[in-house]
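Structure below is run38.cif: mmCIF, C-alpha atoms.
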```
data_my_file
#
loop_
_atom_site.label_atom_id
_atom_site.label_comp_id
_atom_site.auth_asym_id
_atom_site.auth_seq_id
_atom_site.Cartn_x
_atom_site.Cartn_y
_atom_site.Cartn_z
CA MET A 1 -68.83 -169.25 97.72
CA SER A 2 -70.42 -172.66 97.56
CA GLN A 3 -68.05 -175.40 96.47
CA ALA A 4 -71.04 -177.34 95.10
CA VAL A 5 -71.83 -174.47 92.70
CA ILE A 6 -68.21 -174.37 91.53
CA GLU A 7 -68.21 -178.13 90.96
CA LYS A 8 -71.42 -177.93 88.92
CA ALA A 9 -69.97 -175.06 86.87
CA LYS A 10 -66.92 -177.22 86.10
CA GLU A 11 -69.24 -180.08 85.14
CA LEU A 12 -71.24 -177.80 82.84
CA ALA A 13 -68.03 -176.50 81.27
CA SER A 14 -66.92 -180.07 80.61
CA ILE A 15 -70.26 -180.91 78.98
CA ILE A 16 -70.10 -177.75 76.85
CA ALA A 17 -66.55 -178.62 75.78
CA GLN A 18 -67.85 -181.98 74.53
CA SER A 19 -70.79 -180.48 72.61
CA PRO A 20 -70.79 -180.71 68.82
CA GLU A 21 -71.15 -176.92 68.64
CA TYR A 22 -67.98 -176.31 70.65
CA ILE A 23 -65.99 -179.05 68.94
CA THR A 24 -67.00 -177.76 65.50
CA MET A 25 -66.14 -174.18 66.43
CA ARG A 26 -62.70 -175.09 67.77
CA ALA A 27 -61.87 -177.31 64.79
CA THR A 28 -62.94 -174.58 62.37
CA GLU A 29 -60.93 -171.96 64.28
CA ASP A 30 -57.88 -174.22 64.12
CA ALA A 31 -58.35 -174.79 60.38
CA ALA A 32 -58.75 -171.05 59.77
CA GLY A 33 -55.64 -170.36 61.81
CA GLN A 34 -53.65 -172.73 59.61
CA ASP A 35 -55.04 -171.52 56.29
CA GLU A 36 -52.25 -169.42 54.76
CA GLY A 37 -54.50 -167.60 52.30
CA LEU A 38 -56.99 -166.56 54.95
CA GLN A 39 -54.25 -165.55 57.36
CA GLU A 40 -52.64 -163.40 54.67
CA LEU A 41 -55.95 -161.63 54.09
CA PHE A 42 -56.26 -161.01 57.85
CA LYS A 43 -52.73 -159.56 57.87
CA GLN A 44 -53.56 -157.28 54.95
CA TYR A 45 -56.74 -156.15 56.70
CA ASP A 46 -54.88 -155.39 59.94
CA SER A 47 -52.13 -153.52 58.11
CA ILE A 48 -54.54 -151.33 56.16
CA HIS A 49 -56.58 -150.72 59.33
CA ARG A 50 -53.44 -149.52 61.14
CA ASP A 51 -52.57 -147.30 58.18
CA ILE A 52 -56.04 -145.71 58.36
CA GLU A 53 -55.66 -145.12 62.09
CA ASP A 54 -52.23 -143.53 61.57
CA ALA A 55 -53.52 -141.34 58.75
CA THR A 56 -56.49 -140.08 60.75
CA LEU A 57 -54.35 -139.20 63.78
CA LYS A 58 -52.08 -136.83 61.84
CA ASN A 59 -52.39 -133.10 62.49
CA GLU A 60 -53.43 -132.58 58.88
CA PRO A 61 -55.05 -135.81 57.68
CA ASP A 62 -54.88 -136.60 53.98
CA PHE A 63 -58.53 -137.40 53.34
CA ASP A 64 -57.86 -138.66 49.81
CA LYS A 65 -55.39 -141.17 51.21
CA ILE A 66 -57.83 -142.14 53.98
CA GLY A 67 -60.56 -142.65 51.38
CA SER A 68 -58.29 -144.79 49.24
CA LEU A 69 -57.22 -146.87 52.24
CA THR A 70 -60.84 -147.29 53.30
CA ARG A 71 -61.72 -148.62 49.85
CA ASP A 72 -58.75 -151.01 50.06
CA LEU A 73 -59.94 -152.15 53.48
CA ASP A 74 -63.46 -152.76 52.17
CA GLU A 75 -62.04 -154.78 49.28
CA VAL A 76 -59.98 -157.00 51.56
CA GLN A 77 -62.94 -157.41 53.90
CA GLN A 78 -65.08 -158.59 50.97
CA GLN A 79 -62.35 -161.05 49.96
CA ILE A 80 -62.31 -162.41 53.51
CA LYS A 81 -66.09 -162.78 53.58
CA THR A 82 -66.07 -164.82 50.37
CA GLN A 83 -63.62 -167.40 51.72
CA PRO A 84 -65.47 -170.70 52.37
CA LEU A 85 -63.43 -171.35 55.51
CA TYR A 86 -64.28 -167.91 56.90
CA GLN A 87 -67.96 -168.53 56.20
CA ALA A 88 -67.73 -171.91 57.95
CA LEU A 89 -66.03 -170.21 60.90
CA GLN A 90 -68.79 -167.62 61.18
CA GLN A 91 -71.43 -170.35 61.03
CA ALA A 92 -69.64 -172.45 63.66
CA ARG A 93 -69.32 -169.45 65.98
CA LYS A 94 -73.01 -168.66 65.52
CA GLY A 95 -73.95 -172.24 66.36
CA PHE A 96 -71.91 -172.10 69.56
CA SER A 97 -73.27 -168.68 70.45
CA ASP A 98 -76.85 -169.87 69.91
CA MET A 99 -76.22 -172.87 72.18
CA MET A 100 -74.72 -170.65 74.88
CA SER A 101 -77.68 -168.26 74.61
CA ALA A 102 -80.01 -171.20 75.20
CA VAL A 103 -77.93 -172.31 78.21
CA ASN A 104 -77.96 -168.78 79.63
CA GLY A 105 -81.70 -168.56 79.00
CA GLU A 106 -82.27 -171.74 81.00
CA LEU A 107 -80.11 -170.44 83.85
CA SER A 108 -81.93 -167.13 83.82
CA ALA A 109 -85.35 -168.78 83.76
CA ALA A 110 -84.42 -171.05 86.66
CA LEU A 111 -83.06 -168.17 88.73
CA ASN A 112 -85.81 -165.71 87.82
CA PRO A 113 -89.07 -167.57 87.29
CA GLY A 114 -91.71 -165.29 85.88
CA GLY A 115 -89.13 -162.67 84.95
CA SER A 116 -88.44 -161.32 81.51
CA GLN A 117 -87.67 -164.82 80.23
CA GLY A 118 -91.27 -165.94 80.78
CA GLY A 119 -92.78 -168.38 83.22
CA CYS A 120 -95.17 -167.95 86.11
CA SER A 121 -94.71 -164.99 88.44
CA GLY A 122 -97.06 -166.42 91.02
CA ASN A 123 -99.38 -163.42 90.74
CA CYS A 124 -102.51 -164.84 89.16
CA SER A 125 -104.53 -161.60 89.25
CA ALA A 126 -102.86 -160.25 86.12
CA CYS A 127 -102.49 -163.48 84.21
CA GLY A 128 -105.31 -165.86 83.45
CA GLY A 129 -102.93 -168.29 81.74
CA CYS A 130 -103.44 -171.25 84.08
CA GLY A 131 -107.02 -171.53 84.24
#
```
Would you write out, as structure tokens, the structure that this file holds?
Amino acid sequence: MSQAVIEKAKELASIIAQSPEYITMRATEDAAGQDEGLQELFKQYDSIHRDIEDATLKNEPDFDKIGSLTRDLDEVQQQIKTQPLYQALQQARKGFSDMMSAVNGELSAALNPGGSQGGCSGNCSACGGCG
């Protein structure tokens, strides 16, 4: 493995870690992790989810209970989705994901010119785009 490639990967990681998208995502994750109300909702969600799993694994599942638990789970999930901090977290994660998709797209285009990411394949007979 080329040491130069590893060094450039470390450099890219450092640049990504300094990007506004990454910094915003991490700060929002930290804030969400410290928000007691949001964390309580996550605990409720996990608990109900485990209860549903347990109920469905029984030899004779109680489908009324499973239905009731599923409604409870949906209710908690809706409460989570309405939390402003959760919405900010989702937006921050999307911003970071979009940036990383763009980075990966650039890497892919550079390594596969003319491939599925676009660019010139070098075969002009099927193109007509240059001239």
Practice task
Take CA of Ser47 in chain A and CA of Val76 in chain A and report the distance between them in Å, one decimal.
Solution key: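 Separation of CA of Ser47 in chain A and CA of Val76 in chain A: 10.8 Å.
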Practice task
Considering only C-alpha atoms, return as a PyMOL selection string whatever protein or nucleic-acid residues lie within 12 Å of Gly37 in chain A, sequence-local ones (same chain, fewer than 4 positions apart) excluded.
Solution key: chain A and resi 31-33+41-44+76+79-80+83-86
Practice task
Quick one: apply the PyMOL selection byres ((chain A and resi 74) around 12) to the file and drop the selected residues here as a PyMOL selection string.
Solution key: chain A and resi 41+44-46+48-49+52+67-73+75-81
Handout entry: Computed interatomic separation between CA of Phe96 in chain A and CA of Tyr22 in chain A (Å)
Key =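 For CA of Phe96 in chain A relative to CA of Tyr22 in chain A, the distance reads 5.9 Å.
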Within 12 Å of Pro20 in chain A using all atoms listed in the file, minus same-chain residues under 3 positions, as a compact mmCIF listing (two decimals) with C-alpha atoms, in the coordinates of the input:
```
# COMPACT_ATOMS: atom_id res chain seq x y z
CA ILE A 15 -70.26 -180.91 78.98
CA ILE A 16 -70.10 -177.75 76.85
CA ALA A 17 -66.55 -178.62 75.78
CA ILE A 23 -65.99 -179.05 68.94
CA THR A 24 -67.00 -177.76 65.50
CA MET A 25 -66.14 -174.18 66.43
CA ARG A 26 -62.70 -175.09 67.77
CA ALA A 27 -61.87 -177.31 64.79
CA THR A 28 -62.94 -174.58 62.37
CA ALA A 92 -69.64 -172.45 63.66
CA ARG A 93 -69.32 -169.45 65.98
CA GLY A 95 -73.95 -172.24 66.36
CA PHE A 96 -71.91 -172.10 69.56
CA MET A 99 -76.22 -172.87 72.18
```
Handout entry: Which residue of A:Leu12, A:Gln90, A:Ser2, A:Gln39 approaches Leu107 in chain A most closely, using only C-alpha atoms
Key =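 For Leu107 in chain A, the nearest of the candidates is A:Leu12.
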Problem - Atomic distance CA of Leu38 in chain A - CA of Leu89 in chain A, expressed in Å with one decimal - result: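 CA of Leu38 in chain A sits 11.4 Å away from CA of Leu89 in chain A.
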Problem - Residue with smallest distance to Ile66 in chain A - pool A:Ala102, A:Ser14, A:Arg50, A:Ala110, counting all atoms listed in the file - result: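 Of A:Ala102, A:Ser14, A:Arg50, A:Ala110, the one nearest Ile66 in chain A is A:Arg50, counting all atoms listed in the file.
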Write out as JSON an axis-aligned box for range 94-111 of chain A: all of its atoms listed in the file, 6 Å added on each side, centre and edge lengths in Å with one decimal.
```
{"center_x": -78.6, "center_y": -170.0, "center_z": 77.1, "size_x": 25.4, "size_y": 17.7, "size_z": 35.2}
```
